[in-house]
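Please read the structure below before turning to the comments.
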Amino acid sequence: MSLAREVFIAGVGQVPVGEHWGLGLRDLGARALRAALADAGLGTIDALCVGNMLGGSLNGQENVATLVADAAGLRHAEAWKVEAACASGAAAVRSAVLAVAAGAHERVAAVGLEKMTDGPPDVVASGLATASDQDYEASHGLSFVALAALLMRRYLHETGKARQDFAPFALEAHRNAATNEHAMFREPITAEQFARSPLVAPPIALLDAAPICDGAAAVIVCSREALRPGERAVRVAASAAATDTIDLASREDVLVLGGAAVSARRAFEAARCGPADVDFFEAHDAFTIMTALSVEACGFAARGRALDLAAEGAFSRGGRWPLSTFGGLKARGHPVGASGAYQIVEAALQLRGQAGPNQVPGARRGLTQSIGGHGSVIVTHLLEA
Amino acid sequence: MKPVHPVGILGFGAYVPRLRLAGADIAAVWKTAGGAPPPVAEKAVAGADEDVVTMSIEASRTALARARVGAGQVGALWVGTASKPYAIKPAASMVAEALGLTPRLVAADVEFGCKSGSDAMQAALAFVGSGMVEAALAVGMDVAPSRPGDALEYTAAAGGAAFVFGAAERVEGGAVALVEASLSYVTDTPDFFRRDGAAHPRHGGRFGGEPAYFAHTLAASRALLEELGARPADFAHAVFHQPFPKFVEKAGRDLGFTPAQLRAGLVAPRLGNAYAGSSLLGLAAVLDVAAPGERIFLCSYGSGAGSDAFALRATGALPERRSGPTVAQYLDRARRVAGYGEYLKLSGGVRR
């Protein structure tokens, strides 16, 4: 999946993730976009792609790209929405990348956007369930979290591990979020809190799962010609996507995220490198089980070995492959359609050396992977400084 | 806000039903094992022969006896409630008749969610303070509605209190507590509501927290403290609306009140959230134990939304005017309902 011409990141912007009682879809999207435009030194832009999952089902709003373009004052800009469940934000970035690579535009903005707090939890749950298979999963009462719980239960059964062995992922995420001013949760958590966390869908407990929240993040991608003179911009070394069966029951091996593996392999091939060359990994840590399966799918750990490596500190700050460097979906937050864009914003900040207290020292290459459904659609990016 | 003439509370009385439903019984029916524990261990529920009218009469009888006022002196009665038995026909007229206050009085019901009772207090305070009546009765009482299986079912409870307001100096025995000032803060915030004809109320989940309860409670409280030129430490007691004990603790912390100041007025852990009766029961519980001279801070909250804040000062007359059932006695007088099924029968969830 190589690009016809090089694509760079010209600007990034984000809104703090949280419960924004006073901000709607249009406000969130416009704020993130304006922040990215300012970062890129741009007053306006001609093309915008918005990634959003729940606008229609939760906010009564489709045509979300037009909404954001209008709210941001982009006069007559081209704007379109992409949806790939929880990977919508990353899919929007990929769409923008393809548009620039194809020469359709010199600069395209991608905005990941989600407003989840306008409805009660049961309505949000129904919305999230639309990522799974309606006919064979959702309509039978399998909620999104219940499906993840099945994966976690099977994983524990096959590996002989305990729920507590997943703690490092959550602890590390919260530790990193504490110094991220855009993160929803700013307090570290302890192993004891993780152990005592109330169950949501056994064995998944509250502290295994990312929160319901609002947010928006924007990435402006551009051609080499459109870079500012002398600018050392982060380069999109690879942008790759893949799907898998939409329902879990049809998977070849339910504990292998085959689509994630293919997506990652395509990205590594395009960037001509491998897991060993990556300095950090923004994984889709919506549930601790997804973190474990993601690192295995991308080749950072062998099947069933993620927790062993986590226990050794491989994925902690200062470890071989730091995860969730700004808190991840777990602690920075997971406004579903926006998360994929947040990952790329954070990776870009790392590679620019602008991560502040969260800086991975000497970061040159970062991998971001956004997963929709339970591994049914995956968008992977590899960025280079 | 201060009335033209000084006003005080002449008497106060509480009522809490005897029956309790255990949170564990609700959890056994609705929740999976291992979920978060219920916010309160048990809540007070109305028996088959209890409703806002009967409970208001009981509480008012205690208040009138303590107030040492005759029926003829009470010129106004407001019943603040979100669960009046009739959509059209006031609980106040039935209560007034039972108390022998009719026919020469102003009587009506007041509704503003959980601050219906404190709104009744504002009205009583104003009628007395303007000189229009000698004494006025304000009641906050609810048999709080909730949707079966909803998170708020764990706390929606029954109970409340009544306060007789009178001119501070004119009535025999004087006031047991003086009203220093009051203030109200209201916006249109739809955090919790029940549409006319709907069986159960609806609410906005976490929207009921920061933009609703805390925004109004903190704004009204800070405004009253500023108006008085007072600091939290000036008060011996602080009472807030009590949807969950945690909300009270946080409101207290955010404003600068200590847990010790909140203790006497925090009744929710023993009975749940009595809605319009909640903060008024807290105030009654404080008056049960307050010492002369102690200042008392009260700030209610009602969904919709708004807060009423009051600053009061206990007088030397208070210790002698506390005969009759105390809030603690009502809380201790408890009998567990035999499970969720009996609760459904009592609350009208299932009918013959």
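In the structure tokens, chains take letters A, B, ... by order of appearance, with residues numbered from 1 within each chain and ligands from 1 in the order shown.
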- Item | Who sits within 8 Å of A:Asn358, only C-alpha atoms, same chain under 2 positions skipped, as a VMD selection string | chain A and resid 176 179 to 180 325 to 326 355 to 356 360
I need the chosen residues saved as a PDB file, in the first residue's frame, with all heavy atoms.
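Saved the output as result-v3.pdb:
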ATOM      1  N   ASN A 176       0.475   8.017  32.200  1.00  0.00           N
ATOM      2  CA  ASN A 176       0.833   8.938  31.123  1.00  0.00           C
ATOM      3  C   ASN A 176      -0.184  10.061  30.966  1.00  0.00           C
ATOM      4  O   ASN A 176       0.165  11.199  30.661  1.00  0.00           O
ATOM      5  CB  ASN A 176       0.992   8.179  29.803  1.00  0.00           C
ATOM      6  CG  ASN A 176       2.216   7.292  29.789  1.00  0.00           C
ATOM      7  OD1 ASN A 176       3.158   7.532  30.538  1.00  0.00           O
ATOM      8  ND2 ASN A 176       2.202   6.258  28.959  1.00  0.00           N
ATOM      9  N   THR A 179      -0.015  13.653  32.888  1.00  0.00           N
ATOM     10  CA  THR A 179       0.725  14.833  32.416  1.00  0.00           C
ATOM     11  C   THR A 179       0.264  15.283  31.030  1.00  0.00           C
ATOM     12  O   THR A 179       0.946  16.059  30.368  1.00  0.00           O
ATOM     13  CB  THR A 179       2.242  14.546  32.383  1.00  0.00           C
ATOM     14  OG1 THR A 179       2.455  13.251  31.806  1.00  0.00           O
ATOM     15  CG2 THR A 179       2.826  14.583  33.780  1.00  0.00           C
ATOM     16  N   ASN A 180      -0.907  14.797  30.609  1.00  0.00           N
ATOM     17  CA  ASN A 180      -1.448  15.233  29.321  1.00  0.00           C
ATOM     18  C   ASN A 180      -2.629  16.157  29.592  1.00  0.00           C
ATOM     19  O   ASN A 180      -3.681  15.714  30.043  1.00  0.00           O
ATOM     20  CB  ASN A 180      -1.906  14.022  28.487  1.00  0.00           C
ATOM     21  CG  ASN A 180      -2.598  14.430  27.188  1.00  0.00           C
ATOM     22  OD1 ASN A 180      -2.600  15.610  26.812  1.00  0.00           O
ATOM     23  ND2 ASN A 180      -3.179  13.465  26.500  1.00  0.00           N
ATOM     24  N   THR A 325       1.186   6.672  24.990  1.00  0.00           N
ATOM     25  CA  THR A 325       2.145   7.628  25.547  1.00  0.00           C
ATOM     26  C   THR A 325       1.499   8.893  26.100  1.00  0.00           C
ATOM     27  O   THR A 325       2.109   9.600  26.900  1.00  0.00           O
ATOM     28  CB  THR A 325       3.224   8.011  24.510  1.00  0.00           C
ATOM     29  OG1 THR A 325       2.602   8.748  23.460  1.00  0.00           O
ATOM     30  CG2 THR A 325       3.929   6.778  23.972  1.00  0.00           C
ATOM     31  N   PHE A 326       0.282   9.206  25.668  1.00  0.00           N
ATOM     32  CA  PHE A 326      -0.440  10.358  26.217  1.00  0.00           C
ATOM     33  C   PHE A 326      -1.667   9.908  27.026  1.00  0.00           C
ATOM     34  O   PHE A 326      -2.515  10.727  27.364  1.00  0.00           O
ATOM     35  CB  PHE A 326      -0.903  11.296  25.087  1.00  0.00           C
ATOM     36  CG  PHE A 326       0.185  12.201  24.556  1.00  0.00           C
ATOM     37  CD1 PHE A 326       1.057  11.761  23.579  1.00  0.00           C
ATOM     38  CD2 PHE A 326       0.317  13.496  25.028  1.00  0.00           C
ATOM     39  CE1 PHE A 326       2.057  12.597  23.069  1.00  0.00           C
ATOM     40  CE2 PHE A 326       1.313  14.341  24.521  1.00  0.00           C
ATOM     41  CZ  PHE A 326       2.177  13.885  23.553  1.00  0.00           C
ATOM     42  N   ALA A 355       6.346  16.529  22.849  1.00  0.00           N
ATOM     43  CA  ALA A 355       5.469  15.788  23.760  1.00  0.00           C
ATOM     44  C   ALA A 355       5.647  16.184  25.217  1.00  0.00           C
ATOM     45  O   ALA A 355       4.991  15.625  26.087  1.00  0.00           O
ATOM     46  CB  ALA A 355       5.688  14.285  23.582  1.00  0.00           C
ATOM     47  N   GLY A 356       6.510  17.124  25.500  1.00  0.00           N
ATOM     48  CA  GLY A 356       6.675  17.602  26.868  1.00  0.00           C
ATOM     49  C   GLY A 356       7.031  16.485  27.832  1.00  0.00           C
ATOM     50  O   GLY A 356       7.873  15.633  27.528  1.00  0.00           O
ATOM     51  N   VAL A 360       8.787  10.480  24.424  1.00  0.00           N
ATOM     52  CA  VAL A 360       9.586   9.273  24.276  1.00  0.00           C
ATOM     53  C   VAL A 360      10.927   9.748  23.719  1.00  0.00           C
ATOM     54  O   VAL A 360      10.976  10.272  22.609  1.00  0.00           O
ATOM     55  CB  VAL A 360       8.926   8.275  23.298  1.00  0.00           C
ATOM     56  CG1 VAL A 360       9.849   7.095  23.023  1.00  0.00           C
ATOM     57  CG2 VAL A 360       7.585   7.813  23.841  1.00  0.00           C
TER      58      VAL A 360
END
Check which residues of chain A sit at most 6 Å from chain B using only C-alpha atoms, and return one row each with the closest pair of atoms and their distance in Å to one decimal, ordered by chain and rising number, as a Markdown table.
| residue | atom | partner | partner_atom | distance |
| --- | --- | --- | --- | --- |
| A:Pro120 | CA | B:Gly205 | CA | 5.8 |
| A:Pro198 | CA | B:Gly35 | CA | 5.0 |
| A:Leu199 | CA | B:Gly35 | CA | 5.2 |
Could you write out that same residue set with C-alpha atoms as a PDB file, in the first residue's frame?
ATOM      1  CA  PRO A 120     -28.149   8.104  28.443  1.00  0.00           C
ATOM      2  CA  PRO A 198     -16.525  -3.070  39.684  1.00  0.00           C
ATOM      3  CA  LEU A 199     -17.386  -5.539  36.943  1.00  0.00           C
TER       4      LEU A 199
END
Selection: 12 Å around B:Ala28, only C-alpha atoms, excl. self and same-chain fewer than 2 positions, as a PDB file with N, CA, C and O atoms, in the first residue's frame:
ATOM      1  N   ALA B  22     -34.057  -2.603  51.095  1.00  0.00           N
ATOM      2  CA  ALA B  22     -32.599  -2.744  51.040  1.00  0.00           C
ATOM      3  C   ALA B  22     -32.096  -2.591  49.610  1.00  0.00           C
ATOM      4  O   ALA B  22     -32.692  -3.130  48.670  1.00  0.00           O
ATOM      5  N   GLY B  23     -30.997  -1.873  49.448  1.00  0.00           N
ATOM      6  CA  GLY B  23     -30.377  -1.741  48.142  1.00  0.00           C
ATOM      7  C   GLY B  23     -30.015  -3.099  47.568  1.00  0.00           C
ATOM      8  O   GLY B  23     -30.106  -3.331  46.365  1.00  0.00           O
ATOM      9  N   ALA B  24     -29.621  -4.003  48.437  1.00  0.00           N
ATOM     10  CA  ALA B  24     -29.255  -5.353  47.989  1.00  0.00           C
ATOM     11  C   ALA B  24     -30.440  -6.051  47.329  1.00  0.00           C
ATOM     12  O   ALA B  24     -30.266  -6.846  46.403  1.00  0.00           O
ATOM     13  N   ASP B  25     -31.667  -5.761  47.784  1.00  0.00           N
ATOM     14  CA  ASP B  25     -32.850  -6.385  47.177  1.00  0.00           C
ATOM     15  C   ASP B  25     -33.103  -5.847  45.777  1.00  0.00           C
ATOM     16  O   ASP B  25     -33.563  -6.567  44.896  1.00  0.00           O
ATOM     17  N   ILE B  26     -32.797  -4.562  45.576  1.00  0.00           N
ATOM     18  CA  ILE B  26     -32.927  -3.986  44.233  1.00  0.00           C
ATOM     19  C   ILE B  26     -31.858  -4.596  43.323  1.00  0.00           C
ATOM     20  O   ILE B  26     -32.132  -5.010  42.193  1.00  0.00           O
ATOM     21  N   TRP B  30     -32.064  -6.454  39.583  1.00  0.00           N
ATOM     22  CA  TRP B  30     -31.684  -5.739  38.361  1.00  0.00           C
ATOM     23  C   TRP B  30     -30.228  -5.855  37.942  1.00  0.00           C
ATOM     24  O   TRP B  30     -29.920  -5.705  36.753  1.00  0.00           O
ATOM     25  N   LYS B  31     -29.313  -6.064  38.878  1.00  0.00           N
ATOM     26  CA  LYS B  31     -27.912  -5.943  38.499  1.00  0.00           C
ATOM     27  C   LYS B  31     -27.203  -7.284  38.419  1.00  0.00           C
ATOM     28  O   LYS B  31     -27.555  -8.227  39.084  1.00  0.00           O
ATOM     29  N   THR B  32     -26.121  -7.349  37.613  1.00  0.00           N
ATOM     30  CA  THR B  32     -25.283  -8.534  37.611  1.00  0.00           C
ATOM     31  C   THR B  32     -24.441  -8.540  38.873  1.00  0.00           C
ATOM     32  O   THR B  32     -24.194  -7.506  39.468  1.00  0.00           O
ATOM     33  N   ALA B  33     -23.983  -9.720  39.261  1.00  0.00           N
ATOM     34  CA  ALA B  33     -23.137  -9.828  40.454  1.00  0.00           C
ATOM     35  C   ALA B  33     -21.832  -9.083  40.211  1.00  0.00           C
ATOM     36  O   ALA B  33     -21.335  -9.034  39.098  1.00  0.00           O
ATOM     37  N   GLY B  34     -21.296  -8.503  41.244  1.00  0.00           N
ATOM     38  CA  GLY B  34     -19.988  -7.854  41.133  1.00  0.00           C
ATOM     39  C   GLY B  34     -20.031  -6.412  40.701  1.00  0.00           C
ATOM     40  O   GLY B  34     -19.010  -5.776  40.547  1.00  0.00           O
ATOM     41  N   GLY B  35     -21.233  -5.865  40.488  1.00  0.00           N
ATOM     42  CA  GLY B  35     -21.321  -4.454  40.115  1.00  0.00           C
ATOM     43  C   GLY B  35     -21.013  -3.551  41.296  1.00  0.00           C
ATOM     44  O   GLY B  35     -20.803  -4.003  42.401  1.00  0.00           O
ATOM     45  N   PRO B  37     -21.397  -1.201  44.498  1.00  0.00           N
ATOM     46  CA  PRO B  37     -22.383  -1.312  45.580  1.00  0.00           C
ATOM     47  C   PRO B  37     -23.398  -0.172  45.503  1.00  0.00           C
ATOM     48  O   PRO B  37     -23.092   0.901  44.991  1.00  0.00           O
ATOM     49  N   PRO B  38     -24.649  -0.387  46.011  1.00  0.00           N
ATOM     50  CA  PRO B  38     -25.653   0.667  45.988  1.00  0.00           C
ATOM     51  C   PRO B  38     -25.165   1.892  46.762  1.00  0.00           C
ATOM     52  O   PRO B  38     -24.420   1.743  47.737  1.00  0.00           O
ATOM     53  N   GLY B 149     -35.528  -0.394  37.735  1.00  0.00           N
ATOM     54  CA  GLY B 149     -34.316  -0.794  37.030  1.00  0.00           C
ATOM     55  C   GLY B 149     -33.380   0.353  36.744  1.00  0.00           C
ATOM     56  O   GLY B 149     -32.270   0.161  36.272  1.00  0.00           O
ATOM     57  N   TYR B 154     -32.372   3.187  43.445  1.00  0.00           N
ATOM     58  CA  TYR B 154     -31.707   2.854  44.700  1.00  0.00           C
ATOM     59  C   TYR B 154     -31.885   3.920  45.765  1.00  0.00           C
ATOM     60  O   TYR B 154     -31.751   3.640  46.955  1.00  0.00           O
ATOM     61  N   GLY B 339     -38.578  -7.672  50.532  1.00  0.00           N
ATOM     62  CA  GLY B 339     -38.086  -7.867  49.171  1.00  0.00           C
ATOM     63  C   GLY B 339     -38.684  -6.914  48.143  1.00  0.00           C
ATOM     64  O   GLY B 339     -39.598  -6.136  48.421  1.00  0.00           O
ATOM     65  N   TYR B 340     -38.154  -6.999  46.947  1.00  0.00           N
ATOM     66  CA  TYR B 340     -38.509  -6.082  45.875  1.00  0.00           C
ATOM     67  C   TYR B 340     -39.970  -6.221  45.467  1.00  0.00           C
ATOM     68  O   TYR B 340     -40.639  -5.260  45.125  1.00  0.00           O
ATOM     69  N   GLY B 341     -40.488  -7.416  45.534  1.00  0.00           N
ATOM     70  CA  GLY B 341     -41.879  -7.637  45.146  1.00  0.00           C
ATOM     71  C   GLY B 341     -42.843  -6.851  46.015  1.00  0.00           C
ATOM     72  O   GLY B 341     -43.792  -6.226  45.517  1.00  0.00           O
TER      73      GLY B 341
END
- Task: May I ask for the distance between atom CA of B:Ser56 and atom CA of B:Gly348, given in Å to one decimal place?
- Result: 20.1 Å
- Close residues, stretch 276-291 of chain B itself excluded, 7 Å, only C-alpha atoms, min 2 positions apart in chain, as a ChimeraX atom specification: /B:12-14,80-82,113-117,140-142,159-161,239-242,264-267,273-274,293-294,300,314,322,326-327
- So, counting only C-alpha atoms, which residue among B:Gly166, B:Arg195, B:Gln73, B:Lys2 is closest to B:Ala87? B:Arg195
- Message: When you look at stretch 16-21 of chain B with a cut-off of 6 Å (counting only C-alpha atoms), what residues show up, excluding the ones that are within fewer than 2 positions of it in the same chain? I need them as a count of residues only.
- Response: 12
- Contacts of A:Ile45 within 8 Å, only C-alpha atoms, excl. fewer than 2 positions in-chain, as a list in words: Leu37, Leu42, Gly43, Ala47, Leu48, Leu74, Ala77, Arg107, Val108 and Ala109 of chain A
- Enter the distance from atom CA of A:Gly375 to atom CA of A:Thr130, in Å, rounded to one decimal.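 The value is 13.9 Å.
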- Query: If we count only C-alpha atoms, what is near A:Ala195 at a cut-off of 7 Å, once residues fewer than 3 positions away on the same chain are taken out, given as an NGL selection string?
  - Reply: :A and (164 or 191-192)
- Message: Quick check, in Å to one decimal: how far apart do atom CA of A:Asp279 and atom CA of A:Gly11 lie?
- Response: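 These atoms are spaced 21.4 Å apart.
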- Task: Please return as an MDAnalysis selection string: the residues of stretch 134-339 of chain B that backbone DSSP assigns to strand (DSSP E or B).
- Result: chainID B and resid 135:143 156 158:167 177:189 192:193 202:203 237:240 273 295:299 302 304:314 335:336
- Query: Between B:Gly208, B:Gly129, B:Gly174, B:Gly252, which is the closest to B:Leu318 once you count only C-alpha atoms?
  - Reply: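 Closest to B:Leu318 of all the choices is B:Gly174.
Distance annotation: of B:Ala63, B:Ala233, B:Arg147, B:Phe244, the residue with the minimal separation from B:Thr258 is B:Ala233; atom set is only C-alpha atoms.
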- Step one, run DSSP on the backbone; step two, keep only residues of stretch 166-304 of chain B assigned to helix (DSSP H, G or I); then write them as an MDAnalysis selection string. chainID B and resid 205:228 232:234 245:255 259:263 268:271 275:289
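Closest approach to A:Gly313 among A:Leu257, A:Ala167, A:Glu114, A:His157 is made by A:Ala167 (distances from only C-alpha atoms).
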- Counting only C-alpha atoms, figure out which residue out of A:Ala4, A:Met184, A:Ile204, A:Ala85 gets nearest to A:Ala99.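 Using only C-alpha atoms, the shortest distance to A:Ala99 belongs to A:Ala4.
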